[in-house]
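Please read the structure below before turning to the comments.
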Amino acid sequence: MKKTNFLIAAMILGTSFAGVTQVSAETIDGQNSADVEINGTIGKLDNTDPGVDIPEGSDEWINVTVDTATAFHTTTASSHKNIESADYSIVNNSGRAVAVTLNKMAGTPTYVDTLTINAKGDNLIANPAATNLVADNELTDLTSAPIWMRLANKDGRFNIDTDAANAYANSAKFNYTGTTIDNLPANVSEAPTAENYTLTLKFESIQKDGTTVGVTP
């Protein structure tokens, strides 16, 4: 995951920016000058701290641990018609909740007819929909896919100000199920074939109100 060091320099004259410490405005009346305080931070801010001065919705809030080497396999009992996998994990470590979207699928289906990603977890804000990654032996177009799951911040909060700690889950499990095509090779049991894909996940920070995703336009 690409991480970019971010410099926040607040130069505030009667205006405050979301996520940056607010400074009271001062009316300059009958004077010809004013001193403006500039508070800057060099280096990465602690995005696990819900009170840190990072603009709301910024990618600098993204701090997610996800299993990025996953696998699926066919089952002998189904004569290699059914696909299954182990459970994998995704955890939000951030001081803000995060929205996760299935953004892009790359690869070339050969023997896979359908491949579905499923997610589960206790106390999620909503149950993530099972989503086809491969359907009818072709990749699914995920270009307009909706948000797949929302994870609370590290303390279990969506609304930072009003939710109780551990009100919601900040982690979930996911796995794969599916089927293979009808005309598998006769020697599929003796000569397994690798079929590799890359699934790209998109992460967007949820603002401290618990509902607004990303930077407000």
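Residues in the structure tokens are numbered from 1 in each chain, the chains being A, B, ... in the order shown, and ligands are numbered from 1 in the order shown.
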If you take only C-alpha atoms and a cut-off of 7 Å, which residues of range 64-109 of chain A touch range 184-198 of chain A, and what are their nearest atom pairs and distances in Å to one decimal, in chain and number order, as JSON lines?
{"residue": "A:Met105", "atom": "CA", "partner": "A:Thr198", "partner_atom": "CA", "distance": 5.8}
{"residue": "A:Ala106", "atom": "CA", "partner": "A:Thr198", "partner_atom": "CA", "distance": 5.1}
{"residue": "A:Gly107", "atom": "CA", "partner": "A:Tyr197", "partner_atom": "CA", "distance": 4.5}
Could you give me, as a ChimeraX atom specification, the residues within 6 Å of Val112 in chain A, counting only C-alpha atoms and dropping anything in the same chain fewer than 3 positions from it? /A:109,137,180-181
Serialized selection, N, CA, C and O atoms, as a PDB file, in the first residue's frame:
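For reference, out_35.pdb as written:
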ATOM      1  N   PRO A 109      -9.401 -16.181 -16.315  1.00  0.00           N
ATOM      2  CA  PRO A 109     -10.064 -17.434 -15.937  1.00  0.00           C
ATOM      3  C   PRO A 109      -9.867 -18.511 -17.010  1.00  0.00           C
ATOM      4  O   PRO A 109     -10.049 -18.249 -18.205  1.00  0.00           O
ATOM      5  N   ASN A 137     -17.049 -17.795 -16.312  1.00  0.00           N
ATOM      6  CA  ASN A 137     -15.690 -17.950 -16.832  1.00  0.00           C
ATOM      7  C   ASN A 137     -15.096 -16.635 -17.342  1.00  0.00           C
ATOM      8  O   ASN A 137     -14.171 -16.620 -18.137  1.00  0.00           O
ATOM      9  N   THR A 180     -16.002 -24.709 -10.823  1.00  0.00           N
ATOM     10  CA  THR A 180     -15.161 -24.802 -12.024  1.00  0.00           C
ATOM     11  C   THR A 180     -16.030 -25.103 -13.244  1.00  0.00           C
ATOM     12  O   THR A 180     -17.208 -25.428 -13.122  1.00  0.00           O
ATOM     13  N   ILE A 181     -15.427 -24.993 -14.420  1.00  0.00           N
ATOM     14  CA  ILE A 181     -16.156 -25.253 -15.663  1.00  0.00           C
ATOM     15  C   ILE A 181     -16.485 -26.741 -15.781  1.00  0.00           C
ATOM     16  O   ILE A 181     -15.928 -27.578 -15.079  1.00  0.00           O
TER      17      ILE A 181
END
Counting only C-alpha atoms, which residue out of A:Gly214, A:Ile206, A:Asp141, A:Gly178 sits closest to His80 in chain A? A:Gly178
Leaving out Ala152 in chain A and any residue of its chain fewer than 2 positions from it, which residues lie within 6 Å of it when counting only C-alpha atoms, given as a compact mmCIF listing (two decimals) with C-alpha atoms, in the first residue's frame?
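Contents of selection.txt, freshly written:
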# COMPACT_ATOMS: atom_id res chain seq x y z
CA ALA A 97 -13.64 4.23 10.40
CA GLY A 156 -15.05 0.29 17.65
CA ARG A 157 -16.57 3.67 16.83
CA PHE A 158 -18.03 5.11 13.65
CA TYR A 168 -19.09 -1.89 16.14
CA ALA A 169 -16.49 -4.25 14.68
CA ASN A 170 -13.18 -2.93 13.36
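Assigned to strand (DSSP E or B) in range 24-74 of chain A, given DSSP computed from backbone atoms, are Ile38, Asn39, Gly40, Thr41, Val64, Thr65, Val66, His73 and Thr74 of chain A.
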Have a look at CA of Leu45 in chain A and CA of Asn93 in chain A and let me know their distance in Å, one decimal.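 Separation between CA of Leu45 in chain A and CA of Asn93 in chain A: 13.7 Å.
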Need the shell around Ala172 in chain A: protein/DNA/RNA residues with any atom at most 12 Å away, counting only C-alpha atoms. Skip same-chain ones fewer than 5 positions apart. Format as an mmCIF file with N, CA and C atoms, in the first residue's frame?
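Contents of the output file selection-v1.cif:
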data_model
loop_
_atom_site.group_PDB
_atom_site.id
_atom_site.type_symbol
_atom_site.label_atom_id
_atom_site.label_comp_id
_atom_site.auth_asym_id
_atom_site.auth_seq_id
_atom_site.Cartn_x
_atom_site.Cartn_y
_atom_site.Cartn_z
ATOM 1 N N VAL A 64 -4.824 0.064 7.572
ATOM 2 C CA VAL A 64 -5.547 -1.208 7.509
ATOM 3 C C VAL A 64 -4.553 -2.353 7.369
ATOM 4 N N THR A 65 -4.748 -3.398 8.151
ATOM 5 C CA THR A 65 -3.970 -4.624 8.009
ATOM 6 C C THR A 65 -4.840 -5.663 7.306
ATOM 7 N N VAL A 66 -4.374 -6.147 6.152
ATOM 8 C CA VAL A 66 -5.168 -7.097 5.380
ATOM 9 C C VAL A 66 -4.275 -8.223 4.868
ATOM 10 N N ASP A 67 -4.787 -9.439 4.908
ATOM 11 C CA ASP A 67 -4.066 -10.577 4.317
ATOM 12 C C ASP A 67 -4.012 -10.364 2.808
ATOM 13 N N ASP A 87 -10.254 -18.815 5.770
ATOM 14 C CA ASP A 87 -10.679 -17.460 6.114
ATOM 15 C C ASP A 87 -9.457 -16.546 6.206
ATOM 16 N N TYR A 88 -9.613 -15.326 5.704
ATOM 17 C CA TYR A 88 -8.554 -14.321 5.770
ATOM 18 C C TYR A 88 -9.071 -13.109 6.519
ATOM 19 N N SER A 89 -8.162 -12.243 6.910
ATOM 20 C CA SER A 89 -8.505 -11.182 7.855
ATOM 21 C C SER A 89 -8.260 -9.787 7.290
ATOM 22 N N ILE A 90 -9.106 -8.849 7.711
ATOM 23 C CA ILE A 90 -8.910 -7.432 7.435
ATOM 24 C C ILE A 90 -9.234 -6.665 8.707
ATOM 25 N N VAL A 91 -8.322 -5.792 9.132
ATOM 26 C CA VAL A 91 -8.451 -5.079 10.410
ATOM 27 C C VAL A 91 -8.177 -3.599 10.187
ATOM 28 N N ASN A 92 -9.030 -2.751 10.749
ATOM 29 C CA ASN A 92 -8.817 -1.305 10.695
ATOM 30 C C ASN A 92 -8.112 -0.850 11.964
ATOM 31 N N VAL A 100 -14.395 0.036 2.591
ATOM 32 C CA VAL A 100 -13.613 -0.852 1.729
ATOM 33 C C VAL A 100 -14.445 -1.188 0.488
ATOM 34 N N ASN A 118 -16.648 -13.658 -0.078
ATOM 35 C CA ASN A 118 -17.631 -13.555 0.997
ATOM 36 C C ASN A 118 -16.960 -12.949 2.217
ATOM 37 N N ALA A 119 -17.704 -12.175 2.986
ATOM 38 C CA ALA A 119 -17.151 -11.586 4.211
ATOM 39 C C ALA A 119 -18.110 -11.823 5.367
ATOM 40 N N LYS A 120 -17.558 -11.879 6.553
ATOM 41 C CA LYS A 120 -18.372 -12.116 7.742
ATOM 42 C C LYS A 120 -17.680 -11.498 8.943
ATOM 43 N N GLY A 121 -18.468 -11.260 9.970
ATOM 44 C CA GLY A 121 -17.918 -10.707 11.198
ATOM 45 C C GLY A 121 -19.030 -10.403 12.174
ATOM 46 N N ASP A 122 -18.692 -10.366 13.441
ATOM 47 C CA ASP A 122 -19.662 -10.036 14.477
ATOM 48 C C ASP A 122 -19.726 -8.519 14.649
ATOM 49 N N ASN A 123 -20.949 -8.001 14.730
ATOM 50 C CA ASN A 123 -21.168 -6.594 15.049
ATOM 51 C C ASN A 123 -20.689 -5.643 13.957
ATOM 52 N N LEU A 124 -20.676 -6.102 12.708
ATOM 53 C CA LEU A 124 -20.405 -5.191 11.600
ATOM 54 C C LEU A 124 -21.582 -4.243 11.433
ATOM 55 N N ILE A 125 -21.321 -3.039 10.909
ATOM 56 C CA ILE A 125 -22.399 -2.073 10.738
ATOM 57 C C ILE A 125 -23.414 -2.569 9.703
ATOM 58 N N ALA A 126 -22.952 -3.378 8.747
ATOM 59 C CA ALA A 126 -23.833 -4.013 7.766
ATOM 60 C C ALA A 126 -23.129 -5.253 7.246
ATOM 61 N N ASN A 127 -23.898 -6.249 6.841
ATOM 62 C CA ASN A 127 -23.303 -7.479 6.320
ATOM 63 C C ASN A 127 -22.817 -7.254 4.887
ATOM 64 N N PRO A 128 -21.518 -7.440 4.621
ATOM 65 C CA PRO A 128 -21.020 -7.263 3.254
ATOM 66 C C PRO A 128 -21.661 -8.257 2.303
ATOM 67 N N TRP A 148 -18.100 -2.190 -0.215
ATOM 68 C CA TRP A 148 -18.274 -3.605 0.147
ATOM 69 C C TRP A 148 -18.480 -3.769 1.648
ATOM 70 N N MET A 149 -17.642 -3.117 2.433
ATOM 71 C CA MET A 149 -17.805 -3.189 3.882
ATOM 72 C C MET A 149 -17.317 -1.906 4.533
ATOM 73 N N ARG A 150 -17.839 -1.651 5.714
ATOM 74 C CA ARG A 150 -17.389 -0.543 6.544
ATOM 75 C C ARG A 150 -16.885 -1.120 7.856
ATOM 76 N N LEU A 151 -15.715 -0.669 8.266
ATOM 77 C CA LEU A 151 -15.135 -1.109 9.536
ATOM 78 C C LEU A 151 -14.992 0.091 10.464
ATOM 79 N N ALA A 152 -15.369 -0.110 11.709
ATOM 80 C CA ALA A 152 -15.245 0.953 12.707
ATOM 81 C C ALA A 152 -13.780 1.279 12.957
#
Please list as a list in words every residue within 9 Å of Ser85 in chain A, counting only C-alpha atoms and excluding residues in the same chain fewer than 4 positions away.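 Surrounding residues, per the criterion: Thr70, Ala71, Phe72, His73, Thr74, Asn175, Tyr176 and Thr177 of chain A.
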I need the chosen residues saved as an mmCIF file, in the first residue's frame, with C-alpha atoms.
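again00.cif was written with the following content:
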data_model
loop_
_atom_site.group_PDB
_atom_site.id
_atom_site.type_symbol
_atom_site.label_atom_id
_atom_site.label_comp_id
_atom_site.auth_asym_id
_atom_site.auth_seq_id
_atom_site.Cartn_x
_atom_site.Cartn_y
_atom_site.Cartn_z
ATOM 1 C CA THR A 70 -4.661 -15.518 -0.267
ATOM 2 C CA ALA A 71 -5.543 -18.764 -2.040
ATOM 3 C CA PHE A 72 -8.424 -20.990 -3.063
ATOM 4 C CA HIS A 73 -8.569 -24.665 -4.054
ATOM 5 C CA THR A 74 -10.985 -27.237 -5.367
ATOM 6 C CA ASN A 175 -13.024 -16.137 1.984
ATOM 7 C CA TYR A 176 -13.681 -17.468 -1.504
ATOM 8 C CA THR A 177 -16.221 -19.933 -2.862
#
